[in-house]
Every structure is written in structure tokens, then in C-alpha cells.
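*Asks:* Right, I'll just put the structure down here and ask away after.
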Amino acid sequence: MTSQPSPQESNAGTWTLADKLPGARLFANLKIGTKLAFGFGILVTLTFLSAAVSYLGSGQATSKIERTDAVRVPVALAASDAQANLLRMMANVRGYLALGDKAFRESYYKSAQDFQGNLAELDDLSPNLDLENQQRLQELRTAYEDWSELPDDLFELRDDQLDREPAYRLLVITGTQHAGQALIDINLMIDLQGGRVPTSEVPSQQMQEMNEYLSQLQSMAKFQGNFAGMLAALRGYVTTRNRVFRGEYEDNKIANDIAWDELSKSRDALTSTQRDLFDEIADEREQFLLLPDKMFGILKSDHWREDLYLFSTQAVPQANDMQELLSDLVVDQQILLTTDLASGRQDLVRANQLILFSGVVALTIGVVLAFISRATIAGPVRRLTAVAEHIRAGDLEAQARVESGDEIGLLAETFNRMTSQLRQTLLQVRKEKRRADDLLEVVIPIGVELSTEKDFNRLLEKMLLEAQSFCHADAGTLYLRTEEEQLEFVIVRNDSRDIAFGGTTGQPVPFAPLPLRDQATAQADHCRVATLVALNGVLSNIPDHNRPSDIIEDYYVTSLLTIPLTNSLGEVLGVLQLINAQDPESKQIIPFDQNLQQMMESFSSLAVAALEAYIREQSLRQEIQRLRIEIDEVKRQQQVEEIVETDFFQDLKVKAQAMRRRARKPREESDDSPQ
Amino acid sequence: MTARNSTAQIVSIHSFRRGTGKTSLAANLAVLLAVDARRVGVIDTNVQSPSLHMLFGLDEDKISYTFNDYLRARCDITQSAYDVTPNLGLRTPTQGQIYLIPASTQISEITQMLREGYDIDSLNDGLARLIDVLVLDVLVVDTYAGLNEATLLSMAIADSLLVVMRLDQQDYQGTAVIVDVAQKLDVPRVMLVVNQVPKGFSLEQVKAQVEQTFGCPVAALLPHSEEMSALASADIFVLHCPTHPLAIKLKQTAAAVLLP
């Protein structure tokens, strides 16, 4: 199938892929259609792949962007909104706690609702979030659930002063209780004191007693006043936390302490009831005096307002936690949004890069394929065309190189077959032309000569001599087939032995005719060749007969050309035999070549024609000569006489004569018809 | 004996042996003469094996009277004459005419005729009458082979005698005798026609040889024709193949046959 580049090739030096790459041979043997399909297939696949990649890439980017749109932003917005609402809620709660304005409460509930709305939104979006954020949301929800109770508690607390201000409650409940009792008691005591009369009758003692009673009353009144002042100051302080009241209290307390001291000193001078009261007051006072420190302590501490305390210790942190969660959520979403967008952008960038890359790859492959197809298709075609040009220009030795197993390779093979065919045809044509030339210049003139030859002997002789002459044959024999089925030696010539029989020599041929019939398989001698040829009518050209002649002494037959003289009906009229062709210059004995053989074939047909014509004429002449009309004249006369001498005849003759005479007369008389 | 029309000619066709082509020669010559605007009569005296009627396409059932009938005095000879001009199938009508007087094909008639023969007077009268009544220019008489009284009669009444022979040894002796006898009978013109000459013979030489041997001029040497043999008795050759070399030869013969 594939031919090796031969040195005479004009396209030696160009390489084909097949020579370089290992697997390329396999590729080269595919059909062109397959190759192209393969190449285009690759390109199409690449295009498809790059399209798919870009599609996927942009798809990914789009989904990320969608996520942004569908999740991140709403979540962030909802969370931010929630944050804002939470702040509002806190503000409202704080506002209410601070000012107690109902509007804040209204506002709070509204904000709370909004906030819940936000939470609901976030819940809806929750499935789209990652686990962390989902957990956050969960936490938020839980936190809010916990926290949402607080505001109401706070509001309740705020509304209830006693609950909300422990110091106040302490004052109002315990303080007032004790202080009240003390004040009642002191009041009672004062009343009692007012009703006290001096016990002694002594007016001076009585004056002393009254002064005592007055100073006791003074102490009691001071005590009452201070105590009330303390209480009032405490009240003021507890409710306003103004330091002025604290100062007032302290002042009062000091005064009260002094007053109590004084009173305590005069306890004995009191009535029993008063003393009971005093004890009670002492008790109450003691109880009561425990309170201010507590109260001050409370007032100093965070707990001075329980609602605020609760607010700041519970609501605020929790709210802060929630804020944080929300904030985290927002931030997270924002981050994710950013990262999503970034990664989306990256995806797009990557997709673009991929497209670019695959585009470049496709381009490269396209170029490579173009080269390959050029090498495997266009290249061979070009080389083939070049070879065709060579052939057209006349170089029939040009060979097309079979480079592959595809249609072009097939074409190249066909080309080569065609050119070899052409070469053969050309050779044939040249041979024919040579033959035609020979015929025209040599054989036909001889043929013409032969046909005009009137003398038979000369005709036959000429046939042999002319044949001998242009074959440069040393010797030759002309045989004619006889009626007795023999080949008669008619003309015999041998130049080197100077032998000439028959023809115009006048010398009779001393050789016996060759019987045709039962010699068909016998001895091998050149005469036998003649009979064989005569029998089967097929020309025989033996280049190496190499046997001695058995009609001529001391003569060796090397090359032998035996031609049957066959007429148009296929009958062999005779045999022309030429012996030992010679090279015209060297006189060496050579075989009778193809060209000579063909010339002789043509010559023989001309010779046969001449011979036949001659024979025909001869046979005609022979026939006519054979037309011998044999008449026995004697018998003729006899027979005639027999008839003529009959009576019948004689009568008839007479009658006939008479008839004729009579007939002639009218004829002579009429002169229309010319005589 | 009646005198004949002076310008009319009687041409008798004889041969020594059968199968020399006499009848077809007679028919062809007659047709050629008719086509040449002559009024021709053809009489089949070959009572032995009549065949002229076949050549002229005359059905036997159309034949009421034959030559035999005339000779037996059963009819006037003109009654046995049939105008066969239409039968020729000529494309261009001719001014000539051709009448056929057939012989009987009946075996009884034949045998009787052969046995009894007929005489010269009746023959001559008959022929003269034919010529007269039908105003014939030529009367062609076809006889049967051999030399006998009947054929001698036909010879005697003839103006021109054509003796047909072939280049066959068996013909030669007899033909020579006929020729001699005819000459002795003072037949005005005696000519030989060498029929069916095979290929390969020089006609010149044959003619010379024949004339020399028989002492009689040769009117024509007709070469053997395959076509004519194939045609046989089916049709008249010169009508069938008018441009055949043989037909042309026959034309020449017809012209030569008539006395100037």
C-alpha cells in the first residue's frame, strides 16, 4: 500500500506527518471524510465545551448573585430593620421607664410588632442561610422570646412605684409603719404631756415640774418635728434622690438624736404611759433608724429603681445580645454578600478566562488541524498534481507517492497504475507506429511488387528473397501445400552455403515433400517445425533451435522463424521459413525480434494475397483448360444420320421447307419490316 | 397449311436433357419481350411435364382448355390462350401482351400425348392461328427435352431455335446431334445457349470452345445464379431481380434472339 520514496521523485525532501509521528500512520490511513469529521469534531467539541464552561461559570455567578438578591440582601435588610426596631423598642421602654408617657408604651408595642415582623421575615429566609446563621437566628428567637416578657414586667414595675423603688417601699411600708407609730406615739405623748399636771403641791416644785414638763414637751416636740422632718426628708430623698433631702435628713437626724437623747434622759420623769410610749417609740425609732441606711444603701445602689435595674441588668444586655446577633447576622450577610459578589465576579472572570483559554486552544487546534489537513490532504493533492504535470509533460516514469490509506492514497495508486498503463500503451503505440512505418515503407511496396508479378516462379522466389532480405536471414525455404497433403519444397535458399533451388534458378528442388499428416508428433528437426506450423496455422519463432539442418549438410540452425501462409478462409496454403537471422553489421546470428516477427506476419498476409490471386488465376486457367468437350464425332455423325435418314424427318423437312417458303412470300411482299 | 403472319417469329426452345433451364429461359425471354412492348405468346408443348403455367401464376382450376385440348381438336387454339399479362404484376403497364397456352397436367392426357404424339400440320395451323388472332409479334415455344418426333416438329416450325445446354459431359453428345439435325432441317437460325455456367470459367474461352466444337453460334452464356435457383418455378426471375447481372444478360439474349 505505501511506497518508499524513490530517488527520482521530484517531491523527495518534503515530509509528511506519517513519517514523523507514530500514531499518525493510523490517522493517515483514515478516509478523508473521517479525518475532516475528526478535526471538525474536535473543534466542535471544544466550542461546545467552552460554551458549556462559560454557561456553567456564569450560571454559578448568576446563582450567587441571585442568592445575594434572594437571601443576603433581604436577610441583611430584615436584620437591620430588626436592629432598628429593637433600638426603638429599647428607646420606648427606656422612655416609658423614664417618663412614664403612655405614648412610649404605644410606640413600644408598635416597634415590638415590627420587630416580630422582621423575625418572621428572617424565619422565612432562614432555610437559605448557613448553619451558623440559622443557629444565630434560633438564638435570636429564643432570646427574644425570653426578652419579650421583660418590657411588660418593666412597665408593670414602672407603674408600681412601690415595686419599682425598694427604698420607697421600705420607707412607705416599713418606714411609715414604724415612723408613723412613733409619730403617733410621740403625738400621744405630747398630748399626755399636755395634760400633765404637776404632782407636787409645792408651787415652786410645781414650777419646776412644769418647767420640766415643758422641757420634756420641748424635747418631745423637737423629737416629733425632727422625726417628721426625717421622715419627710427621707421621703423627699427617696423620691427625688436629691442630696438636699439627704442633708435635711441628716440635719433632722442629728436634731432628732439630740432630741431623743434629751428625751431619754427625762424618761424617768415621764408617766408610765409615756414611758410605755417611750419604749414603743424607742422601739419604733430603732426599727425605723435601721431603715435609712438601708434606704441609702438602696438609693445609692442600682436597685434604687428596680425597673431600671431590671432594665439595665436584663433588658439591656439581652437586647444587646440580640442586637449583636442581629448585627452579626447583618455583618455576616454583608460579608457573605460581598464574598458572593466577589466570588461571582471571580466566577465570571474565571469563566471569561476559560472562554478565552478555550478560544485560544480552539484556535490553536484549528491551526494545527489546518496544518494537518494541509499536510494530509492539500499536500498530497498538490504533490499528486505535480506528478500529473510531469506526466503531462511527457515523463512517464514519474511515480506518485502513496502517502496514506485514504482516498488520496487510493488516487495516487490509481495514478501510478494509470501511468504504467500509459507507458505500456505508449510503448504499444510506438511499436505499432514502428510496425506501421515498416509496413508502409518496406512490406507494402514488396506486397505491391508481389501482386504484379505474373510469373509464378518469380513470384514465389521474390516472396522468399524479400523476406530473407529484410530479416537479414541467412537461409530460407518456401513450401507450398499440395493436394496430397504434403509440404512441397518450392524455393530453397542458403546464402552462406551458396545454395539456391527452385524459382528462376531452373534447379529442381532435390528434397522430398514433407508429409503433413502423421508427422505431427515425430522427430525434432526444422522441417518438422514447418509441418507443425502448416497444420496448426500458428507462427513459430524459435530463437534457440540449435540443431543441425537435415536437408543441408554441415549447417546449424539457431534461430528459426516459421510463418504459415494462411488465406482468408483460414486454409494454410504454404509455409515460409526463415533461418538464422543476422545482425546486419556484425553478421552474428541473432533471434528474429518482435518487430521482425510482426513485419513478417504482415508480409505473409500480403504474400498470401498475391499467391491466392495467382492461384485463382491459375486455377481458372486450369479449369478452362480442363473444359474439354469430348464429343465422339463419329458417333455424332452416326446419330445424326440415323435421325435424318428417317422418313419422318424427310417428310418434316419437306413440309418445313414448304411452310417457310410460304411464310417468306408474304414477308417479301410486305415491306414494312426491314430485311 | 395456313400462311403465317409474315412479321411474326416463332422461337423454339430445345434441349437434349432435362433440367437445363429451358422453361425458365422461355418464360423470362417471353416476359422480357412483352415488357419491350411486344405481343408475345408462350406455348407449353412440354406435354411431359408442363410447368409454364406455374411460372406465370396461372392456377390449374382457371385453365379450361389446354394445348392438349387443341391437339385433340376439342377446342380452338385461341380458347386455350390465356392473357397472363396482369399476372406479371408489372408496376408500369406495358403496351405488350403475353398469352400463355398451357399444357395439361393431367396424367391421362400426358400419357396419351406421349403415346400418340401429334402432327406438324395441326401444330403449324395452331400456331399460325394464334399468331393471327392474337396478333402476336413473337411466339415462344417451350418443348420438352430430348430428340423425338414432337420436338422435331417444334424445331421444324421455328424461325429461331435456341438449344439450351450446360457444361456437363452428359449434355455434349446429344446437343451436338440436335444442332446438326436442326441445321439439316434448315432451321433459319440455330443458336446455342450455355446455361448455368459455373464460376471460374472464362466466358470468352467457353464461348469459343463451344462454337468451335458444336459448329454453332452461341447466343448467350448464362452464368449460374443462386438467386435464380432459389426462385425456381416460383416466379419469373427478370421480374423478381430486374437489375441482376443475369437478368441483364437475359435481356441481351432476348434482343439477340429476334431476327433483325
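By order in the C-alpha cells, chains are A, B, ...; within a chain, residues start at 1; ligands start at 1, following the order shown.
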Taking the backbone alone, and naming residues the way the document does, which bits of stretch 497-567 of chain A are strand (DSSP E) by DSSP, as number ranges by chain?
*Replies:* A: 499-501, 514-515, 540-542, 547-548, 556-557, 560-566
*Asks:* Hey, what does DSSP flag as alpha helix (DSSP H) within stretch 74-257 of chain B? Can you give it to me as an NGL selection string?
*Replies:* :B and (107-116 or 120-134 or 149-157 or 169-184 or 203-214 or 226-231 or 237-240 or 245-257)
*Asks:* Please list as a ChimeraX atom specification every residue within 9 Å of stretch 75-90 of chain B, counting only C-alpha atoms and excluding residues in the same chain fewer than 6 positions away.
*Replies:* /B:31,34-35,41-43,56-58,63-67,69,96-102,126-127,129-130,133-134,236,239
*Asks:* Grab the residues selected above and save them as a tab-separated table (two decimals), in the first residue's frame with N, CA, C and O atoms.
*Replies:*
```tsv
chain	number	residue	atom	x	y	z
B	31	VAL	N	-41.28	-12.77	-71.20
B	31	VAL	CA	-41.61	-11.60	-70.37
B	31	VAL	C	-40.80	-10.39	-70.81
B	31	VAL	O	-41.32	-9.28	-70.94
B	34	ALA	N	-42.27	-9.06	-73.90
B	34	ALA	CA	-43.55	-8.39	-73.64
B	34	ALA	C	-43.34	-7.02	-73.03
B	34	ALA	O	-43.99	-6.06	-73.39
B	35	VAL	N	-42.42	-6.98	-72.06
B	35	VAL	CA	-42.09	-5.70	-71.43
B	35	VAL	C	-41.56	-4.72	-72.46
B	35	VAL	O	-41.73	-3.51	-72.34
B	41	GLY	N	-46.66	-14.63	-77.35
B	41	GLY	CA	-47.38	-15.85	-76.97
B	41	GLY	C	-46.38	-16.87	-76.48
B	41	GLY	O	-45.27	-16.97	-76.98
B	42	VAL	N	-46.77	-17.58	-75.43
B	42	VAL	CA	-45.89	-18.64	-74.93
B	42	VAL	C	-46.69	-19.92	-74.92
B	42	VAL	O	-47.76	-19.99	-74.29
B	43	ILE	N	-46.16	-20.91	-75.57
B	43	ILE	CA	-46.91	-22.17	-75.64
B	43	ILE	C	-46.08	-23.28	-75.02
B	43	ILE	O	-44.89	-23.44	-75.29
B	56	PHE	N	-46.17	-18.52	-64.65
B	56	PHE	CA	-46.99	-17.35	-64.91
B	56	PHE	C	-48.12	-17.18	-63.92
B	56	PHE	O	-48.99	-16.33	-64.10
B	57	GLY	N	-48.11	-17.99	-62.91
B	57	GLY	CA	-49.10	-17.85	-61.86
B	57	GLY	C	-50.50	-18.11	-62.32
B	57	GLY	O	-51.44	-17.47	-61.85
B	58	LEU	N	-50.67	-19.06	-63.22
B	58	LEU	CA	-52.00	-19.39	-63.73
B	58	LEU	C	-52.47	-20.65	-63.01
B	58	LEU	O	-51.88	-21.71	-63.16
B	63	ILE	N	-57.71	-22.95	-65.63
B	63	ILE	CA	-57.44	-23.41	-67.02
B	63	ILE	C	-58.59	-24.30	-67.48
B	63	ILE	O	-58.82	-25.37	-66.93
B	64	SER	N	-59.31	-23.80	-68.48
B	64	SER	CA	-60.41	-24.62	-69.04
B	64	SER	C	-59.91	-25.49	-70.19
B	64	SER	O	-60.19	-26.68	-70.26
B	65	TYR	N	-59.14	-24.80	-71.04
B	65	TYR	CA	-58.63	-25.54	-72.22
B	65	TYR	C	-57.13	-25.47	-72.27
B	65	TYR	O	-56.54	-24.46	-71.93
B	66	THR	N	-56.57	-26.51	-72.65
B	66	THR	CA	-55.12	-26.57	-72.77
B	66	THR	C	-54.70	-26.86	-74.21
B	66	THR	O	-55.54	-27.10	-75.08
B	67	PHE	N	-53.44	-26.86	-74.38
B	67	PHE	CA	-52.86	-27.19	-75.70
B	67	PHE	C	-53.26	-28.60	-76.13
B	67	PHE	O	-53.55	-28.86	-77.30
B	69	ASP	N	-55.99	-30.03	-75.44
B	69	ASP	CA	-57.37	-29.98	-75.95
B	69	ASP	C	-57.38	-29.58	-77.43
B	69	ASP	O	-58.14	-30.11	-78.24
B	96	GLY	N	-47.06	-4.12	-74.46
B	96	GLY	CA	-47.01	-5.51	-74.89
B	96	GLY	C	-48.05	-6.35	-74.18
B	96	GLY	O	-48.70	-5.92	-73.23
B	97	GLN	N	-48.14	-7.58	-74.61
B	97	GLN	CA	-49.10	-8.51	-74.03
B	97	GLN	C	-48.47	-9.89	-74.05
B	97	GLN	O	-47.60	-10.19	-74.90
B	98	ILE	N	-48.94	-10.69	-73.11
B	98	ILE	CA	-48.37	-12.05	-73.08
B	98	ILE	C	-49.50	-13.03	-72.87
B	98	ILE	O	-50.30	-12.91	-71.94
B	99	TYR	N	-49.55	-13.99	-73.77
B	99	TYR	CA	-50.58	-15.02	-73.70
B	99	TYR	C	-49.93	-16.35	-73.46
B	99	TYR	O	-48.97	-16.70	-74.11
B	100	LEU	N	-50.52	-17.05	-72.52
B	100	LEU	CA	-49.97	-18.37	-72.23
B	100	LEU	C	-50.92	-19.44	-72.74
B	100	LEU	O	-52.13	-19.38	-72.48
B	101	ILE	N	-50.36	-20.44	-73.44
B	101	ILE	CA	-51.15	-21.61	-73.84
B	101	ILE	C	-50.56	-22.77	-73.08
B	101	ILE	O	-49.51	-23.32	-73.44
B	102	PRO	N	-51.24	-23.15	-72.01
B	102	PRO	CA	-50.66	-24.17	-71.14
B	102	PRO	C	-50.90	-25.58	-71.68
B	102	PRO	O	-51.80	-25.82	-72.47
B	126	GLY	N	-52.20	-24.44	-85.76
B	126	GLY	CA	-52.50	-23.87	-84.44
B	126	GLY	C	-51.68	-22.62	-84.17
B	126	GLY	O	-52.19	-21.56	-83.76
B	127	LEU	N	-50.44	-22.75	-84.41
B	127	LEU	CA	-49.53	-21.63	-84.14
B	127	LEU	C	-49.87	-20.45	-85.04
B	127	LEU	O	-49.91	-19.31	-84.59
B	129	ARG	N	-52.67	-19.75	-86.38
B	129	ARG	CA	-53.92	-19.15	-85.91
B	129	ARG	C	-53.69	-18.26	-84.70
B	129	ARG	O	-54.25	-17.18	-84.59
B	130	LEU	N	-52.91	-18.78	-83.81
B	130	LEU	CA	-52.58	-18.00	-82.62
B	130	LEU	C	-51.99	-16.66	-83.02
B	130	LEU	O	-52.41	-15.61	-82.55
B	133	VAL	N	-54.78	-14.50	-84.83
B	133	VAL	CA	-55.87	-14.00	-83.98
B	133	VAL	C	-55.36	-13.03	-82.90
B	133	VAL	O	-55.90	-11.98	-82.66
B	134	LEU	N	-54.31	-13.46	-82.25
B	134	LEU	CA	-53.82	-12.66	-81.13
B	134	LEU	C	-52.87	-11.56	-81.56
B	134	LEU	O	-52.38	-10.80	-80.74
B	236	ILE	N	-40.92	-15.37	-62.04
B	236	ILE	CA	-40.08	-15.09	-63.20
B	236	ILE	C	-38.92	-14.22	-62.77
B	236	ILE	O	-39.10	-13.15	-62.20
B	239	LEU	N	-38.42	-10.48	-63.53
B	239	LEU	CA	-39.34	-9.60	-62.84
B	239	LEU	C	-38.93	-9.43	-61.38
B	239	LEU	O	-39.09	-8.38	-60.79
```
*Asks:* Select residues of chain B: the criterion is any atom within 8 Å of an atom of chain A, counting only C-alpha atoms; output as an MDAnalysis selection string.
*Replies:* chainID B and resid 1 3:7 120 149 152:153 156:157 169 172:173 176:178 180:181 184:186 200:202 205:206 210 213 260
*Asks:* Which residues are close to A:Lys222, i.e. within 7 Å by only C-alpha atoms, leaving aside same-chain residues fewer than 4 positions away? Reply as JSON, numbers by chain.
*Replies:* {"A": [218, 226, 259]}
*Asks:* Export all heavy atoms of the chosen residues as a compact mmCIF listing (two decimals), in the first residue's frame?
*Replies:*
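Final output, saved to selection_5.txt:
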```txt
# COMPACT_ATOMS: atom_id res chain seq x y z
N GLN A 218 -40.83 70.06 125.08
CA GLN A 218 -39.94 70.59 124.09
C GLN A 218 -39.18 69.50 123.40
O GLN A 218 -39.15 69.42 122.19
CB GLN A 218 -38.94 71.60 124.78
CG GLN A 218 -38.49 72.71 123.88
CD GLN A 218 -37.52 73.61 124.66
OE1 GLN A 218 -37.01 73.34 125.76
NE2 GLN A 218 -37.25 74.78 124.09
N ASN A 226 -38.44 66.69 114.34
CA ASN A 226 -37.29 66.14 113.64
C ASN A 226 -37.63 64.83 113.03
O ASN A 226 -37.22 64.54 111.90
CB ASN A 226 -36.08 65.96 114.60
CG ASN A 226 -35.58 67.26 115.10
OD1 ASN A 226 -35.71 68.28 114.39
ND2 ASN A 226 -35.06 67.32 116.32
N ALA A 259 -32.63 65.41 120.33
CA ALA A 259 -33.94 65.41 120.96
C ALA A 259 -34.20 64.08 121.67
O ALA A 259 -34.75 64.05 122.79
CB ALA A 259 -35.02 65.72 119.93
```
*Asks:* Contacts of stretch 496-511 of chain A at 6 Å or less, counting only C-alpha atoms, minus same-chain residues fewer than 3 places along, as number ranges by chain?
*Replies:* A: 457-458, 461, 490-493
*Asks:* Quick one: residues within 8 Å of stretch 172-177 of chain A, only C-alpha atoms, excluding same-chain residues fewer than 6 positions away - as a list in words?
*Replies:*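 So, after excluding close chain neighbours, the residues are Leu162, Leu231, Phe288 and Leu291 of chain A.
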*Asks:* Name the closest residue to B:Leu29 among the candidates B:Ile13, B:Met113, B:Leu71, B:Met155; distances are taken between atoms, counting only C-alpha atoms.
*Replies:*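 For B:Leu29, the nearest of the candidates is B:Ile13.
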*Asks:* Find the spatial neighbours of B:Thr111, counting only C-alpha atoms, within a cut-off of 12 Å - ignore same-chain residues fewer than 5 positions away - and output them as a compact mmCIF listing (two decimals) with C-alpha atoms, in the first residue's frame.
*Replies:*
```txt
# COMPACT_ATOMS: atom_id res chain seq x y z
CA VAL B 47 -46.65 -32.22 -72.53
CA GLN B 48 -44.41 -34.46 -70.50
CA SER B 49 -44.06 -32.14 -67.52
CA ASN B 68 -53.73 -30.85 -75.38
CA SER B 104 -52.41 -30.26 -69.44
CA THR B 105 -51.16 -31.52 -66.17
CA GLN B 106 -53.44 -34.47 -66.12
CA GLU B 116 -49.85 -40.80 -79.72
CA GLY B 117 -47.92 -37.66 -80.47
```
*Asks:* Which residue, A:Val330, A:Val238, A:Leu480, A:Ala412, has the smallest gap to A:Arg382 when you use only C-alpha atoms?
*Replies:*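 Checking each candidate against A:Arg382, we get A:Ala412 as the closest.
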*Asks:* Between atom CA of A:Thr452 and atom CA of A:Gln618, what distance in Å does the model show, to one decimal?
*Replies:* 14.4 Å
*Asks:* Could you work out how far atom CA of A:Met600 lies from atom CA of A:Leu459, giving the answer in Å with one decimal?
*Replies:*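 Separation between atom CA of A:Leu459 and atom CA of A:Met600: 16.6 Å.
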*Asks:* At what distance in Å, to one decimal, does atom CA of A:Gln594 lie from atom CA of A:Ala436?
*Replies:*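 Taking atom CA of A:Ala436 as the start and atom CA of A:Gln594 as the end point, the length is 13.7 Å.
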*Asks:* Have a look at A:Leu214, A:Leu49, A:Leu326, A:Ile579 and name the one nearest to A:Arg141; count only C-alpha atoms.
*Replies:*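 So, comparing all the options, the nearest one is A:Leu326.
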